[in-house]
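**Student:** Pasting upload26.pdb below, which is PDB, C-alpha atoms and all ligand atoms.
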ATOM      1  CA  MET A   1      93.071 113.457  99.300
ATOM      2  CA  ARG A   2      93.751 112.288 102.807
ATOM      3  CA  LEU A   3      95.549 109.667 104.769
ATOM      4  CA  LEU A   4      93.324 107.631 107.009
ATOM      5  CA  GLY A   5      94.381 107.107 110.587
ATOM      6  CA  PRO A   6      95.137 103.408 111.039
ATOM      7  CA  ALA A   7      93.382 103.118 114.356
ATOM      8  CA  LEU A   8      90.226 104.733 113.034
ATOM      9  CA  GLN A   9      87.244 103.214 111.324
ATOM     10  CA  PRO A  10      87.060 104.043 107.594
ATOM     11  CA  HIS A  11      83.592 105.616 107.802
ATOM     12  CA  LEU A  12      84.540 108.151 110.476
ATOM     13  CA  PRO A  13      85.937 111.642 109.819
ATOM     14  CA  LEU A  14      89.652 111.199 109.561
ATOM     15  CA  THR A  15      92.632 113.295 110.334
ATOM     16  CA  ALA A  16      95.383 114.091 107.875
ATOM     17  CA  GLN A  17      98.611 112.365 108.849
ATOM     18  CA  ARG A  18     101.046 113.992 106.509
ATOM     19  CA  ARG A  19     104.455 114.705 107.787
ATOM     20  CA  PRO A  20     106.075 117.929 106.655
ATOM     21  CA  PRO A  21     108.458 117.645 103.715
ATOM     22  CA  ALA A  22     112.154 117.560 104.498
ATOM     23  CA  PRO A  23     113.428 121.139 104.673
ATOM     24  CA  GLY A  24     115.268 121.782 101.439
ATOM     25  CA  GLY A  25     114.683 118.169 100.359
ATOM     26  CA  ALA A  26     116.344 115.045 101.677
ATOM     27  CA  THR A  27     119.888 114.350 100.562
ATOM     28  CA  PRO A  28     121.171 110.837  99.786
ATOM     29  CA  ALA A  29     122.865 110.640 103.155
ATOM     30  CA  ALA A  30     119.594 111.579 104.832
ATOM     31  CA  PHE A  31     117.884 108.329 103.855
ATOM     32  CA  ALA A  32     117.951 105.600 106.456
ATOM     33  CA  ALA A  33     119.571 102.476 105.015
ATOM     34  CA  GLY A  34     117.871  99.130 104.609
ATOM     35  CA  ARG A  35     114.244 100.190 104.902
ATOM     36  CA  PHE A  36     111.357  97.991 103.754
ATOM     37  CA  LEU A  37     108.107  99.538 102.499
ATOM     38  CA  SER A  38     105.100  97.572 101.253
ATOM     39  CA  ILE A  39     102.047  98.805  99.385
ATOM     40  CA  GLU A  40      98.830  96.862  99.987
ATOM     41  CA  GLY A  41      95.166  97.021  99.067
ATOM     42  CA  ILE A  42      92.566  95.341  96.946
ATOM     43  CA  SER A  43      93.010  94.831  93.210
ATOM     44  CA  GLY A  44      92.843  98.070  91.262
ATOM     45  CA  ALA A  45      93.585 100.213  94.309
ATOM     46  CA  GLY A  46      96.575 101.606  92.402
ATOM     47  CA  LYS A  47      99.430  99.799  94.161
ATOM     48  CA  THR A  48     101.620  99.190  91.129
ATOM     49  CA  THR A  49     101.159 102.777  89.946
ATOM     50  CA  LEU A  50     102.174 104.124  93.357
ATOM     51  CA  VAL A  51     105.134 101.743  93.748
ATOM     52  CA  ARG A  52     106.508 102.983  90.422
ATOM     53  CA  ARG A  53     106.110 106.640  91.344
ATOM     54  CA  LEU A  54     107.450 106.359  94.890
ATOM     55  CA  ALA A  55     110.467 104.384  93.663
ATOM     56  CA  ALA A  56     111.229 107.025  91.024
ATOM     57  CA  ALA A  57     110.794 109.858  93.517
ATOM     58  CA  LEU A  58     113.018 108.187  96.132
ATOM     59  CA  GLU A  59     115.694 107.497  93.512
ATOM     60  CA  GLU A  60     115.584 111.129  92.406
ATOM     61  CA  ARG A  61     116.438 112.002  95.984
ATOM     62  CA  GLY A  62     119.370 109.624  96.034
ATOM     63  CA  ALA A  63     117.939 106.470  97.597
ATOM     64  CA  SER A  64     118.980 103.122  96.142
ATOM     65  CA  VAL A  65     115.638 101.411  95.565
ATOM     66  CA  VAL A  66     114.728  97.813  94.764
ATOM     67  CA  ARG A  67     111.171  97.212  93.575
ATOM     68  CA  THR A  68     109.605  93.812  93.915
ATOM     69  CA  ARG A  69     106.198  92.213  93.802
ATOM     70  CA  ASP A  70     104.431  89.418  95.568
ATOM     71  CA  PRO A  71     103.788  87.036  93.882
ATOM     72  CA  GLY A  72     106.299  87.049  91.031
ATOM     73  CA  GLY A  73     109.357  88.979  92.198
ATOM     74  CA  THR A  74     111.794  86.247  91.111
ATOM     75  CA  HIS A  75     112.169  83.741  88.267
ATOM     76  CA  VAL A  76     110.794  80.954  90.460
ATOM     77  CA  GLY A  77     108.127  83.352  91.710
ATOM     78  CA  ARG A  78     106.914  84.062  88.191
ATOM     79  CA  ALA A  79     106.264  80.348  87.666
ATOM     80  CA  ILE A  80     104.404  80.203  90.999
ATOM     81  CA  ARG A  81     102.452  83.329  90.027
ATOM     82  CA  ALA A  82     101.317  81.717  86.771
ATOM     83  CA  LEU A  83     100.181  78.632  88.687
ATOM     84  CA  LEU A  84      98.279  80.758  91.212
ATOM     85  CA  LEU A  85      96.703  83.325  88.933
ATOM     86  CA  ASP A  86      96.829  82.431  85.260
ATOM     87  CA  GLN A  87      95.365  78.938  85.180
ATOM     88  CA  PRO A  88      91.573  78.636  85.340
ATOM     89  CA  ARG A  89      91.184  75.547  87.554
ATOM     90  CA  PRO A  90      89.969  75.912  91.153
ATOM     91  CA  MET A  91      92.659  75.675  93.840
ATOM     92  CA  CYS A  92      91.995  74.851  97.486
ATOM     93  CA  PRO A  93      92.731  77.708  99.923
ATOM     94  CA  GLU A  94      95.462  75.765 101.723
ATOM     95  CA  ALA A  95      97.289  75.281  98.414
ATOM     96  CA  GLU A  96      97.019  79.036  97.819
ATOM     97  CA  VAL A  97      98.577  79.752 101.216
ATOM     98  CA  ALA A  98     101.417  77.320 100.545
ATOM     99  CA  LEU A  99     102.141  78.773  97.117
ATOM    100  CA  PHE A 100     102.022  82.420  98.193
ATOM    101  CA  PHE A 101     104.503  81.611 100.961
ATOM    102  CA  ALA A 102     106.685  79.598  98.578
ATOM    103  CA  ASP A 103     106.867  82.666  96.351
ATOM    104  CA  ARG A 104     107.587  84.880  99.376
ATOM    105  CA  ALA A 105     110.366  82.583 100.634
ATOM    106  CA  GLN A 106     112.134  82.836  97.288
ATOM    107  CA  ASN A 107     111.602  86.595  97.097
ATOM    108  CA  LEU A 108     113.011  87.074 100.604
ATOM    109  CA  ASP A 109     116.006  84.886  99.893
ATOM    110  CA  GLU A 110     116.831  86.230  96.453
ATOM    111  CA  VAL A 111     115.690  89.867  96.475
ATOM    112  CA  ILE A 112     114.486  91.377  99.739
ATOM    113  CA  ARG A 113     117.021  90.256 102.350
ATOM    114  CA  PRO A 114     120.088  90.828 100.141
ATOM    115  CA  ALA A 115     118.830  94.315  99.254
ATOM    116  CA  LEU A 116     118.141  95.247 102.871
ATOM    117  CA  GLU A 117     121.496  93.864 103.978
ATOM    118  CA  ALA A 118     123.140  96.019 101.311
ATOM    119  CA  GLY A 119     121.432  99.060 102.803
ATOM    120  CA  ARG A 120     119.005  99.516  99.920
ATOM    121  CA  THR A 121     115.351 100.553 100.142
ATOM    122  CA  VAL A 122     112.885  97.813  99.185
ATOM    123  CA  ILE A 123     109.415  98.698  97.932
ATOM    124  CA  ALA A 124     107.170  95.644  97.658
ATOM    125  CA  ASP A 125     103.893  95.454  95.771
ATOM    126  CA  ARG A 126     102.141  93.294  98.438
ATOM    127  CA  PHE A 127     103.572  91.126 101.237
ATOM    128  CA  THR A 128     102.200  88.902 104.020
ATOM    129  CA  ASP A 129      99.307  91.233 104.892
ATOM    130  CA  SER A 130      97.834  90.212 101.518
ATOM    131  CA  THR A 131      97.737  86.563 102.579
ATOM    132  CA  LEU A 132      95.987  87.483 105.829
ATOM    133  CA  ALA A 133      93.453  89.527 103.839
ATOM    134  CA  TYR A 134      92.884  87.272 100.801
ATOM    135  CA  GLN A 135      93.365  83.744 102.109
ATOM    136  CA  GLY A 136      92.280  84.700 105.635
ATOM    137  CA  ALA A 137      89.253  86.945 105.315
ATOM    138  CA  GLY A 138      88.640  86.139 101.643
ATOM    139  CA  ARG A 139      88.988  82.348 101.663
ATOM    140  CA  GLY A 140      88.286  81.670 105.341
ATOM    141  CA  ILE A 141      91.655  80.202 106.328
ATOM    142  CA  SER A 142      92.292  80.777 110.024
ATOM    143  CA  ARG A 143      94.662  83.524 111.011
ATOM    144  CA  GLU A 144      96.441  81.049 113.301
ATOM    145  CA  LEU A 145      97.296  78.775 110.394
ATOM    146  CA  ILE A 146      98.548  81.652 108.243
ATOM    147  CA  LEU A 147     100.634  83.077 111.080
ATOM    148  CA  ALA A 148     102.102  79.643 111.817
ATOM    149  CA  VAL A 149     103.203  79.240 108.199
ATOM    150  CA  ASP A 150     104.426  82.834 108.200
ATOM    151  CA  GLN A 151     106.513  82.200 111.303
ATOM    152  CA  ALA A 152     108.061  79.093 109.770
ATOM    153  CA  ILE A 153     108.816  80.721 106.405
ATOM    154  CA  THR A 154     109.594  84.383 107.116
ATOM    155  CA  GLY A 155     110.139  84.361 110.870
ATOM    156  CA  GLY A 156     107.205  86.767 111.101
ATOM    157  CA  MET A 157     109.049  89.419 109.125
ATOM    158  CA  ARG A 158     107.080  92.564 108.324
ATOM    159  CA  PRO A 159     107.906  95.740 106.410
ATOM    160  CA  ASP A 160     108.967  98.826 108.370
ATOM    161  CA  LEU A 161     106.049 100.689 106.843
ATOM    162  CA  THR A 162     102.948  99.521 104.969
ATOM    163  CA  LEU A 163     100.575 101.778 103.061
ATOM    164  CA  VAL A 164      97.128 100.283 102.501
ATOM    165  CA  LEU A 165      95.490 101.950  99.509
ATOM    166  CA  ASP A 166      91.796 101.963 100.302
ATOM    167  CA  VAL A 167      89.013 102.013  97.709
ATOM    168  CA  PRO A 168      85.586 100.355  97.623
ATOM    169  CA  ALA A 169      85.739  96.989  95.858
ATOM    170  CA  GLU A 170      83.581  98.188  92.946
ATOM    171  CA  VAL A 171      85.938 101.093  92.325
ATOM    172  CA  GLY A 172      89.054  98.917  92.307
ATOM    173  CA  LEU A 173      87.559  96.186  90.143
ATOM    174  CA  ALA A 174      86.226  98.726  87.625
ATOM    175  CA  ARG A 175      89.802  99.961  87.051
ATOM    176  CA  LEU A 176      91.041  96.523  85.937
ATOM    177  CA  ARG A 177      91.357  95.776  82.230
ATOM    178  CA  ARG A 178      91.595  92.033  82.873
ATOM    179  CA  ARG A 179      91.107  89.929  85.958
ATOM    180  CA  ASP A 180      93.248  87.077  87.267
ATOM    181  CA  ARG A 181      91.739  83.932  88.832
ATOM    182  CA  ILE A 182      91.380  85.541  92.268
ATOM    183  CA  GLU A 183      90.196  88.901  90.928
ATOM    184  CA  ARG A 184      87.307  87.066  89.240
ATOM    185  CA  GLU A 185      85.810  86.362  92.673
ATOM    186  CA  GLU A 186      82.545  88.140  93.494
ATOM    187  CA  VAL A 187      82.540  91.695  94.851
ATOM    188  CA  HIS A 188      81.717  90.529  98.412
ATOM    189  CA  PHE A 189      84.974  88.571  98.477
ATOM    190  CA  HIS A 190      86.905  91.751  97.653
ATOM    191  CA  GLU A 191      84.964  93.727 100.278
ATOM    192  CA  ARG A 192      85.976  91.145 102.914
ATOM    193  CA  VAL A 193      89.559  91.516 101.786
ATOM    194  CA  ARG A 194      89.306  95.305 101.944
ATOM    195  CA  HIS A 195      87.918  95.227 105.472
ATOM    196  CA  GLU A 196      90.641  92.852 106.626
ATOM    197  CA  PHE A 197      93.284  95.303 105.413
ATOM    198  CA  LEU A 198      91.546  98.013 107.459
ATOM    199  CA  GLU A 199      91.421  95.674 110.452
ATOM    200  CA  ILE A 200      95.132  94.920 110.149
ATOM    201  CA  ALA A 201      95.806  98.666 110.039
ATOM    202  CA  SER A 202      93.769  99.222 113.180
ATOM    203  CA  GLU A 203      95.730  96.485 114.967
ATOM    204  CA  ARG A 204      99.130  97.566 113.713
ATOM    205  CA  PHE A 205      99.025 101.226 114.541
ATOM    206  CA  GLY A 206     102.249 102.840 113.432
ATOM    207  CA  ARG A 207     103.377 100.214 110.924
ATOM    208  CA  VAL A 208     100.282 100.195 108.724
ATOM    209  CA  ILE A 209      98.779 103.441 107.401
ATOM    210  CA  VAL A 210      95.519 103.579 105.433
ATOM    211  CA  VAL A 211      95.428 105.935 102.461
ATOM    212  CA  ASP A 212      92.266 107.065 100.701
ATOM    213  CA  ALA A 213      92.997 105.953  97.127
ATOM    214  CA  THR A 214      89.769 107.026  95.427
ATOM    215  CA  GLY A 215      91.404 110.138  93.962
ATOM    216  CA  SER A 216      93.596 110.443  90.890
ATOM    217  CA  PRO A 217      97.047 108.803  90.720
ATOM    218  CA  ASP A 218      98.601 112.257  91.214
ATOM    219  CA  GLU A 219      96.531 112.859  94.347
ATOM    220  CA  VAL A 220      97.404 109.465  95.812
ATOM    221  CA  PHE A 221     101.089 110.007  95.106
ATOM    222  CA  GLU A 222     101.092 113.495  96.586
ATOM    223  CA  SER A 223      99.283 112.337  99.723
ATOM    224  CA  THR A 224     101.849 109.602 100.400
ATOM    225  CA  ARG A 225     105.093 111.258  99.254
ATOM    226  CA  ASP A 226     105.668 113.417 102.321
ATOM    227  CA  LEU A 227     104.811 110.554 104.648
ATOM    228  CA  VAL A 228     107.383 108.366 102.913
ATOM    229  CA  TRP A 229     110.007 111.147 102.957
ATOM    230  CA  GLY A 230     109.445 111.517 106.670
ATOM    231  CA  TRP A 231     109.615 107.800 107.258
ATOM    232  CA  PHE A 232     112.758 107.166 105.235
ATOM    233  CA  ARG A 233     114.778 110.068 106.514
TER     234      ARG A 233
HETATM  235  N1  LIG B 301      97.041  87.600  96.287
HETATM  236  C1  LIG B 301      98.288  88.138  96.411
HETATM  237  C2  LIG B 301      96.501  86.766  97.252
HETATM  238  O1  LIG B 301      95.394  86.236  97.096
HETATM  239  N2  LIG B 301      97.257  86.502  98.358
HETATM  240  C3  LIG B 301      98.522  86.996  98.532
HETATM  241  O2  LIG B 301      99.174  86.704  99.553
HETATM  242  C4  LIG B 301      99.051  87.856  97.521
HETATM  243  C5  LIG B 301     100.418  88.440  97.670
HETATM  244  C6  LIG B 301      98.075  89.536  92.988
HETATM  245  C7  LIG B 301      96.877  88.635  92.987
HETATM  246  O3  LIG B 301      97.120  87.659  93.946
HETATM  247  C8  LIG B 301      96.257  87.835  95.050
HETATM  248  C9  LIG B 301      95.657  89.216  94.901
HETATM  249  C10 LIG B 301      95.629  89.406  93.412
HETATM  250  O4  LIG B 301      94.480  88.755  92.875
HETATM  251  P1  LIG B 301      98.823  91.494  91.564
HETATM  252  O5  LIG B 301      99.598  91.507  90.339
HETATM  253  O6  LIG B 301      99.459  92.026  92.781
HETATM  254  O7  LIG B 301      98.319  90.009  91.769
HETATM  255  O8  LIG B 301      97.442  92.103  91.282
HETATM  256  P2  LIG B 301      96.823  93.326  91.907
HETATM  257  O9  LIG B 301      97.379  93.674  93.211
HETATM  258  O10 LIG B 301      95.376  93.069  91.843
HETATM  259  O11 LIG B 301      97.362  94.422  90.921
HETATM  260  P3  LIG B 301      96.579  95.208  89.907
HETATM  261  O12 LIG B 301      97.582  95.631  88.902
HETATM  262  O13 LIG B 301      95.405  94.488  89.394
HETATM  263  O14 LIG B 301      96.092  96.428  90.788
HETATM  264  P4  LIG B 301      96.906  97.603  91.432
HETATM  265  O15 LIG B 301      98.373  97.325  91.417
HETATM  266  O16 LIG B 301      96.304  97.916  92.731
HETATM  267  O17 LIG B 301      96.581  98.806  90.464
HETATM  268  P5  LIG B 301      97.438  99.428  89.275
HETATM  269  O18 LIG B 301      98.332 100.451  89.786
HETATM  270  O19 LIG B 301      98.001  98.328  88.448
HETATM  271  O20 LIG B 301      96.256 100.142  88.508
HETATM  272  C11 LIG B 301      95.227  99.397  87.875
HETATM  273  C12 LIG B 301      94.586 100.305  86.802
HETATM  274  O21 LIG B 301      94.006 101.430  87.455
HETATM  275  C13 LIG B 301      94.636 102.642  87.025
HETATM  276  C14 LIG B 301      95.949 102.229  86.369
HETATM  277  O22 LIG B 301      96.343 103.149  85.396
HETATM  278  C15 LIG B 301      95.603 100.870  85.802
HETATM  279  O23 LIG B 301      94.967 101.013  84.564
HETATM  280  N3  LIG B 301      94.827 103.441  88.233
HETATM  281  C16 LIG B 301      93.981 104.407  88.604
HETATM  282  N4  LIG B 301      92.859 104.878  88.038
HETATM  283  C17 LIG B 301      92.209 105.876  88.690
HETATM  284  N5  LIG B 301      92.653 106.429  89.852
HETATM  285  C18 LIG B 301      93.774 105.983  90.439
HETATM  286  N6  LIG B 301      94.203 106.525  91.599
HETATM  287  C19 LIG B 301      94.495 104.920  89.812
HETATM  288  N7  LIG B 301      95.615 104.243  90.135
HETATM  289  C20 LIG B 301      95.801 103.332  89.159
END
Could I get this file's structure written as structure tokens?
Ligand code: T5A
**Tutor:**
Amino acid sequence: MRLLGPALQPHLPLTAQRRPPAPGGATPAAFAAGRFLSIEGISGAGKTTLVRRLAAALEERGASVVRTRDPGGTHVGRAIRALLLDQPRPMCPEAEVALFFADRAQNLDEVIRPALEAGRTVIADRFTDSTLAYQGAGRGISRELILAVDQAITGGMRPDLTLVLDVPAEVGLARLRRRDRIEREEVHFHERVRHEFLEIASERFGRVIVVDATGSPDEVFESTRDLVWGWFR
């Protein structure tokens, strides 16, 4: 298992980017307060599995963790999520952008900002990078439009650290037991999304780290744990 350097192309030999574990383990006081981590990647990359495990591991070490997901991290967000993903009718890409940001606005207002202001650690299953990847590269909406909406709604807010779990589209889709409306898109759509995540990582060196997620859940967790310890200390 390896972490992929964000500025590197995915097909090139890549250097491990693990940070050493905290000597003797981090103590509660050692965790920086109010940190925001997001986990990104295509469907079936293993985001939800990793969010759960990282949250549990951070809590074991004394961090106060809030988990959320995008879309659907709030009561309002769950209604928006159903509209976006659970109904079978086609939706125009601009409507998707508007609804994903509506969900995000509510999540920021109700969950993310209050948690960060209280000094808690937020781990989000997706954030704005997903809209750039899915509605941008996937649906063909211009980056300028997405960033304009983003600026108006979130003020351009980004997590302190983003891990992009990288798997080929076929691998991710094969892991899914059922597919939502967007996951039912053809494999080429998901490959475009995957490559946009890698592009974002190459542009956002330092904030966005690509992780090879083709291994087992244990391997993915172990390859990210030390990086997250290092980041949150
Ligand atoms: N979307 C979302 C947009 O189009 N634009 C946006 O702006 C946003 C925010 C989101 C949907 O909305 C779209 C993308 C999606 O279509 P979601 O609930 O976040 O919905 O859906 P996904 O991200 O697709 O979540 P999934 O649950 O489908 O995939 P995960 O979270 O990547 O994977 P996970 O952990 O649930 O695992 C899936 C299965 O694989 C197994 C698990 O046990 C599980 O059975 N698994 C592994 N198997 C082998 N090896 C591993 N390393 C594994 N890790 C997990």
**Student:** Name the closest residue to Val220 (chain A) among the candidates A:Ser64, A:Arg69, A:Ala118, A:Leu163; distances are taken between atoms, counting all atoms listed in the file.
**Tutor:**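 Under the stated criterion, the closest residue is A:Leu163.
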**Student:** Evaluate the PyMOL selection byres (((not hetatm)) within 8 of (chain B and resi 301)) here and jot the selected residues down as a PyMOL selection string.
**Tutor:** chain A and resi 40-51+69-71+81+84-85+96-97+100-101+125-135+165+172+175-183+213-220
**Student:** Any chance you could export the current selection's C-alpha atoms as a compact mmCIF listing (two decimals), in the coordinates of the input?
**Tutor:**
# COMPACT_ATOMS: atom_id res chain seq x y z
CA GLU A 40 98.83 96.86 99.99
CA GLY A 41 95.17 97.02 99.07
CA ILE A 42 92.57 95.34 96.95
CA SER A 43 93.01 94.83 93.21
CA GLY A 44 92.84 98.07 91.26
CA ALA A 45 93.58 100.21 94.31
CA GLY A 46 96.58 101.61 92.40
CA LYS A 47 99.43 99.80 94.16
CA THR A 48 101.62 99.19 91.13
CA THR A 49 101.16 102.78 89.95
CA LEU A 50 102.17 104.12 93.36
CA VAL A 51 105.13 101.74 93.75
CA ARG A 69 106.20 92.21 93.80
CA ASP A 70 104.43 89.42 95.57
CA PRO A 71 103.79 87.04 93.88
CA ARG A 81 102.45 83.33 90.03
CA LEU A 84 98.28 80.76 91.21
CA LEU A 85 96.70 83.32 88.93
CA GLU A 96 97.02 79.04 97.82
CA VAL A 97 98.58 79.75 101.22
CA PHE A 100 102.02 82.42 98.19
CA PHE A 101 104.50 81.61 100.96
CA ASP A 125 103.89 95.45 95.77
CA ARG A 126 102.14 93.29 98.44
CA PHE A 127 103.57 91.13 101.24
CA THR A 128 102.20 88.90 104.02
CA ASP A 129 99.31 91.23 104.89
CA SER A 130 97.83 90.21 101.52
CA THR A 131 97.74 86.56 102.58
CA LEU A 132 95.99 87.48 105.83
CA ALA A 133 93.45 89.53 103.84
CA TYR A 134 92.88 87.27 100.80
CA GLN A 135 93.36 83.74 102.11
CA LEU A 165 95.49 101.95 99.51
CA GLY A 172 89.05 98.92 92.31
CA ARG A 175 89.80 99.96 87.05
CA LEU A 176 91.04 96.52 85.94
CA ARG A 177 91.36 95.78 82.23
CA ARG A 178 91.60 92.03 82.87
CA ARG A 179 91.11 89.93 85.96
CA ASP A 180 93.25 87.08 87.27
CA ARG A 181 91.74 83.93 88.83
CA ILE A 182 91.38 85.54 92.27
CA GLU A 183 90.20 88.90 90.93
CA ALA A 213 93.00 105.95 97.13
CA THR A 214 89.77 107.03 95.43
CA GLY A 215 91.40 110.14 93.96
CA SER A 216 93.60 110.44 90.89
CA PRO A 217 97.05 108.80 90.72
CA ASP A 218 98.60 112.26 91.21
CA GLU A 219 96.53 112.86 94.35
CA VAL A 220 97.40 109.46 95.81
**Student:** Taking the file as shown, what set of residues would the PyMOL selection byres (((chain A and resi 35) around 8) and not hetatm) give back, as a list in words?
**Tutor:**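 For this structure, the PyMOL selection byres (((chain A and resi 35) around 8) and not hetatm) resolves to Ala32, Ala33, Gly34, Phe36, Leu37, Leu116, Gly119, Arg120, Thr121, Val122, Pro159, Asp160 and Phe232 of chain A.
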**Student:** Rank nothing, just name the residue among A:Cys92, A:Ala148, A:Ala102, A:Val228 nearest to Ala79 (chain A), using all atoms listed in the file.
**Tutor:** A:Ala102
**Student:** Mind pulling up the distance from CA of Arg225 (chain A) to CA of Glu59 (chain A)?
**Tutor:**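 Going from CA of Glu59 (chain A) over to CA of Arg225 (chain A) covers 12.6 Å.
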**Student:** Check the smallest atom-to-atom distance from each of A:Ile123, A:Arg104, A:Leu145, A:Ile209 to Arg53 (chain A) using only C-alpha atoms, then report the winner.
**Tutor:**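 Of all the options, A:Ile123 lies closest to Arg53 (chain A).
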**Student:** If you measure from CA of Gly156 (chain A) to CA of Glu199 (chain A), what distance in Å do you get, rounded to one decimal?
**Tutor:**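 Result for CA of Gly156 (chain A) versus CA of Glu199 (chain A): 18.1 Å, one decimal.
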**Student:** Pick out the closest residue to Arg113 (chain A) from this set: A:Thr154, A:Ser202, A:Ser38, A:Ser142. Count all atoms listed in the file.
**Tutor:**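 Closest to Arg113 (chain A), using all atoms listed in the file: A:Thr154.
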**Student:** With 6 Å as the threshold, what does the neighbourhood of (91.8, 98.1, 103.5) contain in terms of residues, counting all atoms listed in the file? Coordinates are those of the file; answer as an NGL selection string.
**Tutor:** :A and (41 or 164 or 166 or 194-195 or 197-198)
**Student:** What gap, in Å, lies between CA of Thr162 (chain A) and CA of Val193 (chain A)?
**Tutor:**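 Distance between the two atoms: 15.9 Å.
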**Student:** Measuring atom to atom with all atoms listed in the file, identify which of A:Glu60, A:Glu186, A:Asp86, A:Glu196 is nearest to Gly140 (chain A).
**Tutor:**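 Result for the nearest residue to Gly140 (chain A): A:Glu196.
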**Student:** Tell me which of A:Leu173, A:Val211, A:Ala55, A:Ala105 sits closest to Gly155 (chain A), counting only C-alpha atoms.
**Tutor:** A:Ala105
**Student:** Axis-aligned box over every listed atom of region 131-146 of chain A, padded by 4 Å per side: centre and edges in Å to one decimal, as AutoDock Vina command-line options?
**Tutor:**
--center_x 93.4 --center_y 84.2 --center_z 107.1 --size_x 18.3 --size_y 18.8 --size_z 20.5
**Student:** Will you model N, CA, C and O atoms for region 34-46 of chain A and pass it back as a short mmCIF file (atom, residue, chain, number, x, y, z; two decimals), in the frame of the given file?
**Tutor:**
data_model
loop_
_atom_site.label_atom_id
_atom_site.label_comp_id
_atom_site.auth_asym_id
_atom_site.auth_seq_id
_atom_site.Cartn_x
_atom_site.Cartn_y
_atom_site.Cartn_z
N GLY A 34 118.50 100.42 104.37
CA GLY A 34 117.87 99.13 104.61
C GLY A 34 116.45 99.20 105.11
O GLY A 34 116.07 98.47 106.02
N ARG A 35 115.65 100.08 104.50
CA ARG A 35 114.24 100.19 104.90
C ARG A 35 113.36 99.39 103.94
O ARG A 35 113.63 99.29 102.75
N PHE A 36 112.26 98.88 104.50
CA PHE A 36 111.36 97.99 103.75
C PHE A 36 109.96 98.58 103.81
O PHE A 36 109.36 98.70 104.88
N LEU A 37 109.45 98.94 102.63
CA LEU A 37 108.11 99.54 102.50
C LEU A 37 107.24 98.60 101.66
O LEU A 37 107.70 98.12 100.62
N SER A 38 106.02 98.34 102.11
CA SER A 38 105.10 97.57 101.25
C SER A 38 103.86 98.40 100.97
O SER A 38 103.45 99.24 101.79
N ILE A 39 103.29 98.16 99.79
CA ILE A 39 102.05 98.80 99.38
C ILE A 39 100.99 97.71 99.26
O ILE A 39 101.20 96.72 98.54
N GLU A 40 99.88 97.90 99.95
CA GLU A 40 98.83 96.86 99.99
C GLU A 40 97.48 97.46 99.57
O GLU A 40 97.32 98.67 99.47
N GLY A 41 96.52 96.59 99.41
CA GLY A 41 95.17 97.02 99.07
C GLY A 41 94.53 96.03 98.12
O GLY A 41 95.18 95.11 97.63
N ILE A 42 93.26 96.25 97.85
CA ILE A 42 92.57 95.34 96.95
C ILE A 42 93.03 95.58 95.51
O ILE A 42 93.69 96.58 95.22
N SER A 43 92.65 94.69 94.61
CA SER A 43 93.01 94.83 93.21
C SER A 43 92.44 96.12 92.65
O SER A 43 91.28 96.46 92.90
N GLY A 44 93.28 96.82 91.89
CA GLY A 44 92.84 98.07 91.26
C GLY A 44 92.92 99.27 92.18
O GLY A 44 92.54 100.38 91.81
N ALA A 45 93.45 99.08 93.38
CA ALA A 45 93.58 100.21 94.31
C ALA A 45 94.64 101.19 93.82
O ALA A 45 94.65 102.35 94.25
N GLY A 46 95.54 100.72 92.94
CA GLY A 46 96.58 101.61 92.40
C GLY A 46 97.95 101.34 92.98
O GLY A 46 98.83 102.19 92.92
#
